[in-house]
Every structure is written in C-alpha cells, then in structure tokens.
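**Student:** Below is work10.pdb; it holds PDB, C-alpha atoms.
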```
ATOM      1  CA  MET A   7     134.666 -45.922-105.826
ATOM      2  CA  GLU A   8     131.231 -46.245-107.435
ATOM      3  CA  THR A   9     130.091 -49.814-108.013
ATOM      4  CA  ILE A  10     128.601 -50.942-111.310
ATOM      5  CA  GLY A  11     125.311 -51.545-109.497
ATOM      6  CA  LYS A  12     125.100 -47.925-108.365
ATOM      7  CA  ALA A  13     126.213 -46.630-111.760
ATOM      8  CA  VAL A  14     123.596 -48.678-113.613
ATOM      9  CA  ALA A  15     120.976 -47.631-111.050
ATOM     10  CA  GLU A  16     121.773 -43.982-111.742
ATOM     11  CA  ASP A  17     121.513 -44.568-115.482
ATOM     12  CA  LEU A  18     118.152 -46.333-115.201
ATOM     13  CA  LEU A  19     116.731 -43.529-113.069
ATOM     14  CA  SER A  20     118.110 -40.740-115.259
ATOM     15  CA  ILE A  21     116.594 -42.129-118.472
ATOM     16  CA  GLY A  22     113.267 -43.027-116.850
ATOM     17  CA  ALA A  23     113.734 -46.764-117.319
ATOM     18  CA  VAL A  24     113.067 -47.222-113.610
ATOM     19  CA  PHE A  25     111.146 -44.656-111.639
ATOM     20  CA  PHE A  26     109.180 -44.689-108.417
ATOM     21  CA  ARG A  27     105.688 -43.489-107.583
ATOM     22  CA  PRO A  28     105.173 -44.551-103.954
ATOM     23  CA  ASN A  29     102.160 -42.291-103.423
ATOM     24  CA  ASP A  30     100.391 -43.135-106.678
ATOM     25  CA  PRO A  31     101.096 -46.839-107.369
ATOM     26  CA  PHE A  32     101.092 -48.454-110.767
ATOM     27  CA  ILE A  33      98.840 -51.485-111.237
ATOM     28  CA  TRP A  34     100.416 -54.601-112.717
ATOM     29  CA  ALA A  35      98.502 -56.950-115.027
ATOM     30  CA  SER A  36      98.151 -59.279-112.041
ATOM     31  CA  GLY A  37      96.335 -56.535-110.134
ATOM     32  CA  ILE A  38      99.225 -55.954-107.719
ATOM     33  CA  LYS A  39      99.806 -52.309-106.850
ATOM     34  CA  SER A  40     103.436 -51.355-107.317
ATOM     35  CA  PRO A  41     105.410 -48.223-106.419
ATOM     36  CA  VAL A  42     107.890 -48.865-109.227
ATOM     37  CA  TYR A  43     107.783 -48.937-113.013
ATOM     38  CA  CYS A  44     110.557 -50.576-114.993
ATOM     39  CA  ASP A  45     111.096 -50.421-118.761
ATOM     40  CA  ASN A  46     114.639 -51.402-119.632
ATOM     41  CA  ARG A  47     113.874 -51.109-123.351
ATOM     42  CA  LEU A  48     114.625 -47.414-122.896
ATOM     43  CA  ILE A  49     118.289 -48.343-122.414
ATOM     44  CA  LEU A  50     118.505 -49.001-126.148
ATOM     45  CA  THR A  51     117.652 -45.387-126.994
ATOM     46  CA  ALA A  52     120.109 -43.905-124.480
ATOM     47  CA  PRO A  53     123.634 -44.472-125.864
ATOM     48  CA  LYS A  54     125.573 -43.617-122.692
ATOM     49  CA  ALA A  55     123.481 -45.962-120.540
ATOM     50  CA  ARG A  56     123.472 -48.595-123.276
ATOM     51  CA  ILE A  57     127.271 -48.665-123.516
ATOM     52  CA  ARG A  58     127.614 -49.066-119.752
ATOM     53  CA  VAL A  59     124.962 -51.778-119.519
ATOM     54  CA  GLU A  60     126.145 -53.861-122.485
ATOM     55  CA  ASN A  61     129.783 -53.707-121.380
ATOM     56  CA  ALA A  62     128.690 -54.675-117.871
ATOM     57  CA  ILE A  63     126.741 -57.655-119.217
ATOM     58  CA  ALA A  64     129.771 -58.757-121.213
ATOM     59  CA  GLU A  65     132.110 -58.335-118.220
ATOM     60  CA  THR A  66     129.700 -60.263-116.002
ATOM     61  CA  VAL A  67     129.582 -63.147-118.461
ATOM     62  CA  LYS A  68     133.392 -63.259-118.614
ATOM     63  CA  ARG A  69     133.727 -63.110-114.831
ATOM     64  CA  GLU A  70     130.856 -65.351-113.714
ATOM     65  CA  TYR A  71     130.504 -67.729-116.668
ATOM     66  CA  PRO A  72     133.932 -67.993-118.328
ATOM     67  CA  GLU A  73     132.909 -71.234-120.058
ATOM     68  CA  ALA A  74     129.991 -69.572-121.889
ATOM     69  CA  GLU A  75     129.681 -70.611-125.523
ATOM     70  CA  ILE A  76     126.451 -68.817-126.485
ATOM     71  CA  LEU A  77     124.181 -66.068-125.147
ATOM     72  CA  MET A  78     120.430 -66.572-125.313
ATOM     73  CA  GLY A  79     118.130 -63.583-124.916
ATOM     74  CA  THR A  80     114.644 -63.697-123.466
ATOM     75  CA  SER A  81     111.844 -62.593-125.762
ATOM     76  CA  THR A  82     111.472 -59.804-126.350
ATOM     77  CA  ALA A  83     113.276 -57.412-124.038
ATOM     78  CA  GLY A  84     116.425 -59.488-123.599
ATOM     79  CA  ILE A  85     117.096 -60.043-127.302
ATOM     80  CA  ALA A  86     118.887 -56.790-128.127
ATOM     81  CA  HIS A  87     120.976 -56.894-124.944
ATOM     82  CA  ALA A  88     122.049 -60.464-125.679
ATOM     83  CA  ALA A  89     122.947 -59.513-129.254
ATOM     84  CA  ILE A  90     125.071 -56.514-128.280
ATOM     85  CA  ALA A  91     126.855 -58.329-125.445
ATOM     86  CA  ALA A  92     127.499 -61.336-127.700
ATOM     87  CA  HIS A  93     129.015 -58.982-130.284
ATOM     88  CA  ILE A  94     131.356 -57.558-127.628
ATOM     89  CA  LEU A  95     132.344 -61.071-126.546
ATOM     90  CA  ASN A  96     132.520 -62.454-130.089
ATOM     91  CA  LEU A  97     130.063 -65.189-129.115
ATOM     92  CA  PRO A  98     127.066 -66.580-130.989
ATOM     93  CA  MET A  99     123.621 -65.636-129.728
ATOM     94  CA  GLY A 100     120.027 -66.616-130.128
ATOM     95  CA  TYR A 101     116.798 -66.095-128.292
ATOM     96  CA  VAL A 102     113.890 -68.000-126.849
ATOM     97  CA  ARG A 103     110.320 -67.129-127.742
ATOM     98  CA  SER A 104     107.588 -67.042-125.113
ATOM     99  CA  GLY A 105     105.916 -69.791-127.138
ATOM    100  CA  ALA A 106     106.583 -71.786-130.310
ATOM    101  CA  LYS A 107     105.661 -70.178-133.635
ATOM    102  CA  ASP A 108     102.490 -71.482-135.222
ATOM    103  CA  HIS A 109     103.979 -71.364-138.724
ATOM    104  CA  GLY A 110     107.161 -72.151-140.653
ATOM    105  CA  ARG A 111     109.467 -74.417-138.642
ATOM    106  CA  LYS A 112     107.471 -73.624-135.475
ATOM    107  CA  ASN A 113     110.650 -72.804-133.593
ATOM    108  CA  ARG A 114     110.665 -71.649-130.024
ATOM    109  CA  ILE A 115     114.433 -71.251-129.952
ATOM    110  CA  GLU A 116     115.842 -69.024-132.662
ATOM    111  CA  GLY A 117     119.488 -69.312-133.694
ATOM    112  CA  LYS A 118     121.659 -72.404-133.917
ATOM    113  CA  LEU A 119     121.927 -74.175-130.575
ATOM    114  CA  GLU A 120     124.056 -77.297-130.320
ATOM    115  CA  LYS A 121     123.288 -80.042-127.805
ATOM    116  CA  GLY A 122     125.566 -79.678-124.804
ATOM    117  CA  GLN A 123     126.396 -76.064-125.657
ATOM    118  CA  LYS A 124     127.053 -73.927-122.578
ATOM    119  CA  ALA A 125     124.499 -71.116-122.583
ATOM    120  CA  VAL A 126     123.968 -67.972-120.526
ATOM    121  CA  VAL A 127     120.511 -66.396-120.498
ATOM    122  CA  VAL A 128     120.325 -62.604-120.806
ATOM    123  CA  GLU A 129     117.215 -61.100-119.177
ATOM    124  CA  ASP A 130     116.233 -57.461-118.746
ATOM    125  CA  LEU A 131     114.478 -57.816-115.380
ATOM    126  CA  ILE A 132     113.397 -60.489-112.919
ATOM    127  CA  SER A 133     110.437 -60.229-110.566
ATOM    128  CA  THR A 134     108.822 -63.559-109.661
ATOM    129  CA  GLY A 135     111.252 -65.505-111.856
ATOM    130  CA  GLY A 136     108.580 -67.445-113.732
ATOM    131  CA  SER A 137     109.285 -66.088-117.209
ATOM    132  CA  VAL A 138     113.046 -66.533-117.094
ATOM    133  CA  MET A 139     112.672 -70.075-115.726
ATOM    134  CA  GLU A 140     110.518 -70.946-118.741
ATOM    135  CA  VAL A 141     113.429 -69.862-120.939
ATOM    136  CA  VAL A 142     115.955 -71.835-118.876
ATOM    137  CA  ASN A 143     113.781 -74.944-119.063
ATOM    138  CA  ALA A 144     113.242 -74.581-122.819
ATOM    139  CA  LEU A 145     117.002 -74.430-123.352
ATOM    140  CA  LYS A 146     117.584 -77.456-121.137
ATOM    141  CA  GLU A 147     114.921 -79.415-122.994
ATOM    142  CA  ALA A 148     116.735 -78.540-126.234
ATOM    143  CA  GLY A 149     119.918 -80.061-124.831
ATOM    144  CA  ALA A 150     121.800 -76.933-123.744
ATOM    145  CA  GLU A 151     123.794 -76.707-120.541
ATOM    146  CA  VAL A 152     122.507 -73.528-118.921
ATOM    147  CA  LEU A 153     125.268 -71.971-116.834
ATOM    148  CA  GLY A 154     123.021 -69.260-115.428
ATOM    149  CA  ILE A 155     121.454 -65.861-116.015
ATOM    150  CA  VAL A 156     122.676 -62.305-116.334
ATOM    151  CA  SER A 157     119.915 -59.782-115.676
ATOM    152  CA  ILE A 158     119.996 -56.008-115.793
ATOM    153  CA  PHE A 159     117.606 -55.462-112.870
ATOM    154  CA  THR A 160     116.050 -57.716-110.259
ATOM    155  CA  TYR A 161     113.372 -56.888-107.726
ATOM    156  CA  GLY A 162     114.874 -59.327-105.229
ATOM    157  CA  MET A 163     111.427 -60.672-104.372
ATOM    158  CA  GLN A 164     111.472 -63.732-102.162
ATOM    159  CA  ARG A 165     109.299 -65.698-104.573
ATOM    160  CA  GLY A 166     111.744 -65.121-107.416
ATOM    161  CA  LYS A 167     114.801 -65.924-105.318
ATOM    162  CA  ALA A 168     113.173 -69.088-103.973
ATOM    163  CA  LEU A 169     112.204 -70.299-107.451
ATOM    164  CA  LEU A 170     115.710 -69.881-108.856
ATOM    165  CA  ALA A 171     117.255 -71.458-105.760
ATOM    166  CA  ALA A 172     114.890 -74.438-105.951
ATOM    167  CA  GLU A 173     115.940 -75.025-109.559
ATOM    168  CA  ASN A 174     119.615 -74.401-108.712
ATOM    169  CA  VAL A 175     119.827 -71.602-111.273
ATOM    170  CA  LYS A 176     122.356 -68.830-110.707
ATOM    171  CA  ASN A 177     121.432 -65.237-111.488
ATOM    172  CA  VAL A 178     123.809 -62.287-111.455
ATOM    173  CA  SER A 179     122.114 -58.907-111.792
ATOM    174  CA  LEU A 180     123.823 -55.642-112.710
ATOM    175  CA  THR A 181     121.667 -53.763-110.206
ATOM    176  CA  ASN A 182     118.693 -54.434-107.973
ATOM    177  CA  PHE A 183     115.656 -52.889-106.331
ATOM    178  CA  ASP A 184     117.496 -51.988-103.127
ATOM    179  CA  GLU A 185     120.326 -50.220-104.967
ATOM    180  CA  VAL A 186     117.956 -48.283-107.207
ATOM    181  CA  ALA A 187     115.809 -47.239-104.224
ATOM    182  CA  ASP A 188     118.914 -46.080-102.356
ATOM    183  CA  VAL A 189     120.180 -44.049-105.309
ATOM    184  CA  ALA A 190     116.683 -42.638-105.934
ATOM    185  CA  ALA A 191     116.519 -41.317-102.359
ATOM    186  CA  LYS A 192     120.029 -39.863-102.447
ATOM    187  CA  LYS A 193     119.481 -38.190-105.822
ATOM    188  CA  GLY A 194     116.089 -36.736-104.898
ATOM    189  CA  TYR A 195     113.867 -38.869-107.118
ATOM    190  CA  ILE A 196     111.943 -39.914-103.990
ATOM    191  CA  ALA A 197     111.847 -38.762-100.379
ATOM    192  CA  PRO A 198     114.203 -40.676 -98.040
ATOM    193  CA  GLU A 199     111.240 -41.800 -95.931
ATOM    194  CA  ASP A 200     109.735 -43.532 -98.979
ATOM    195  CA  VAL A 201     112.509 -46.142 -99.031
ATOM    196  CA  LYS A 202     110.825 -48.015 -96.173
ATOM    197  CA  LYS A 203     107.621 -48.239 -98.232
ATOM    198  CA  LEU A 204     109.503 -49.529-101.236
ATOM    199  CA  LEU A 205     111.301 -52.253 -99.306
ATOM    200  CA  ALA A 206     108.023 -53.307 -97.661
ATOM    201  CA  PHE A 207     106.570 -53.759-101.153
ATOM    202  CA  ARG A 208     109.635 -55.726-102.212
ATOM    203  CA  ASP A 209     109.307 -58.034 -99.205
ATOM    204  CA  ASP A 210     105.612 -58.811 -99.822
ATOM    205  CA  PRO A 211     104.066 -57.390-103.022
ATOM    206  CA  SER A 212     100.643 -58.876-102.206
ATOM    207  CA  ASN A 213     100.414 -56.927 -98.932
ATOM    208  CA  GLU A 214      99.237 -53.396 -99.699
ATOM    209  CA  SER A 215      99.779 -52.060 -96.174
ATOM    210  CA  TRP A 216     102.935 -50.274 -97.406
ATOM    211  CA  ILE A 217     100.724 -47.793 -99.294
ATOM    212  CA  LYS A 218      99.446 -46.252 -96.042
ATOM    213  CA  ALA A 219     102.727 -46.581 -94.159
TER     214      ALA A 219
END
```
Kindly transcribe the structure held in the file into structure tokens.

**Tutor:**
Amino acid sequence: METIGKAVAEDLLSIGAVFFRPNDPFIWASGIKSPVYCDNRLILTAPKARIRVENAIAETVKREYPEAEILMGTSTAGIAHAAIAAHILNLPMGYVRSGAKDHGRKNRIEGKLEKGQKAVVVEDLISTGGSVMEVVNALKEAGAEVLGIVSIFTYGMQRGKALLAAENVKNVSLTNFDEVADVAAKKGYIAPEDVKKLLAFRDDPSNESWIKA
C-alpha cells in the first residue's frame, strides 16, 4: 500500500514543485549550491495534487494535534494551505507575517488569535528551520499555545532538526527529502546513482564535495 509520503512525493515531482538537478546545481540566496529546487506554490495550480495535499494536512492535524483550535499559516507560502485545510476542518485560521506591517494596525499576526488558543502552524517546506521558528515564537509571544507544525516537505537537514528539537517543537511533514529522492530515482527523474549525491547534500549542505562524487 502506498504511503501518503510517497504519494505526495510523486505529486510534487509530477507537477515540477520539487525537481532535482544533481549535475547542474541551483544556487540558493545564501550561496549554497543545491541539487534540488522546491516550489510548493505550484500545488495550488494542480487540483489533483492540491486535493491530496490539503486533505493530508487536515488528516495530520486531526491525528497529531486533535486539540487544535486554530491553524496559522506561514507567510506567504503557507497561507493558502492553512486556509484550505482549516476549511476542511471547520477551524479558524490566520497567518503570521515575516515582519510587522509599517502601517494601519501594524499587525504581524493576521486573524483573531485568543490568548491560550491551541494553534498548529502550517508551513510549505522546512530547511534550516529558522523561518518557521520565527512564526512559532511570534505566536507564543502573542499568548498562543503552539501544539506544533505540519509541513508539506522537509529537507531533514540536521540543523533544522536540531533547532526544532532544542525548542521542543514538533513537526510532522507529509513527505521529505529522502522519500522524494527515492521516488525520483524509481520514476526516472534522476539516475539511481544520484541518490547518494542528494543524501550527501542533505547531510551537509555547506560541503560541496557531493558535486564531484
């Protein structure tokens, strides 16, 4: 029986939301060379993938965070996913900006959030974990009880895992780098021998020796 992780991985690859270029790396804003490109915004324009992903987010919230009272999306990529999943669950939702507005009420958190409300953060992808932890901390500072995170895709980088563990923040991802790499090799998106390169990148993104491996 196909797992949801494999199914979502197949969807992300088929719509080009995640694709690999191990022999011609992308360059991140940080300067790190990466064999993978991820744009989960493309899920929104692919109805079949969107239905699977949003239902999976909703099911994950029900299973992992049954006490959830509100979903909070990360700005900007997590907003639509939080809204659709909240609609499925009949829960309120809001989102957290990357910074406070410089006009109007100067909100950073949009939507009505009550003190003590049990919140689940919806994120599209996690790499180093820094951005999603800013959202978690903003919600905590506003008085919310953050139960954890549901993400669509996680790289599984040690830095990200260590950061979330240090802050005692739970993350449940629909799929991950290892699953997508495995499916990519089996479906012919990459050569089977490239998987070793990809996992070497995942283990230490700052070490570029994987490029020549």

**Student:** Just to confirm, what's the straight-line distance from CA of Val127 in chain A to CA of Ile94 in chain A in Å (one decimal)?

**Tutor:** 15.7 Å

**Student:** Specify the axis-aligned box that encloses all atoms of range 190-194 of chain A listed in the file after padding of 8 Å on each side, stating its centre and edge lengths in Å to one decimal as AutoDock Vina command-line options.

**Tutor:**
```
--center_x 118.1 --center_y -39.7 --center_z -104.1 --size_x 19.9 --size_y 21.9 --size_z 19.6
```

**Student:** Just say which residues the PyMOL selection byres ((chain A and resi 81) around 6) picks in this file, as a list of chain:residue names.

**Tutor:**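 Output of the PyMOL selection byres ((chain A and resi 81) around 6): A:Thr80, A:Thr82, A:Ala83, A:Gly84, A:Val102, A:Arg103.
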
**Student:** Report as a VMD selection string the residues that result from applying the PyMOL selection byres ((chain A and resi 16) around 12) to the structure here.

**Tutor:** chain A and resid 8 to 15 17 to 25 54 to 55 58 to 59 180 to 182 185 to 195

**Student:** Between A:Asn213, A:Thr51, A:Ser133, A:Thr66, which has the minimum distance to Leu95 in chain A (counting all atoms listed in the file)?

**Tutor:**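 Of A:Asn213, A:Thr51, A:Ser133, A:Thr66, the one nearest Leu95 in chain A is A:Thr66, counting all atoms listed in the file.
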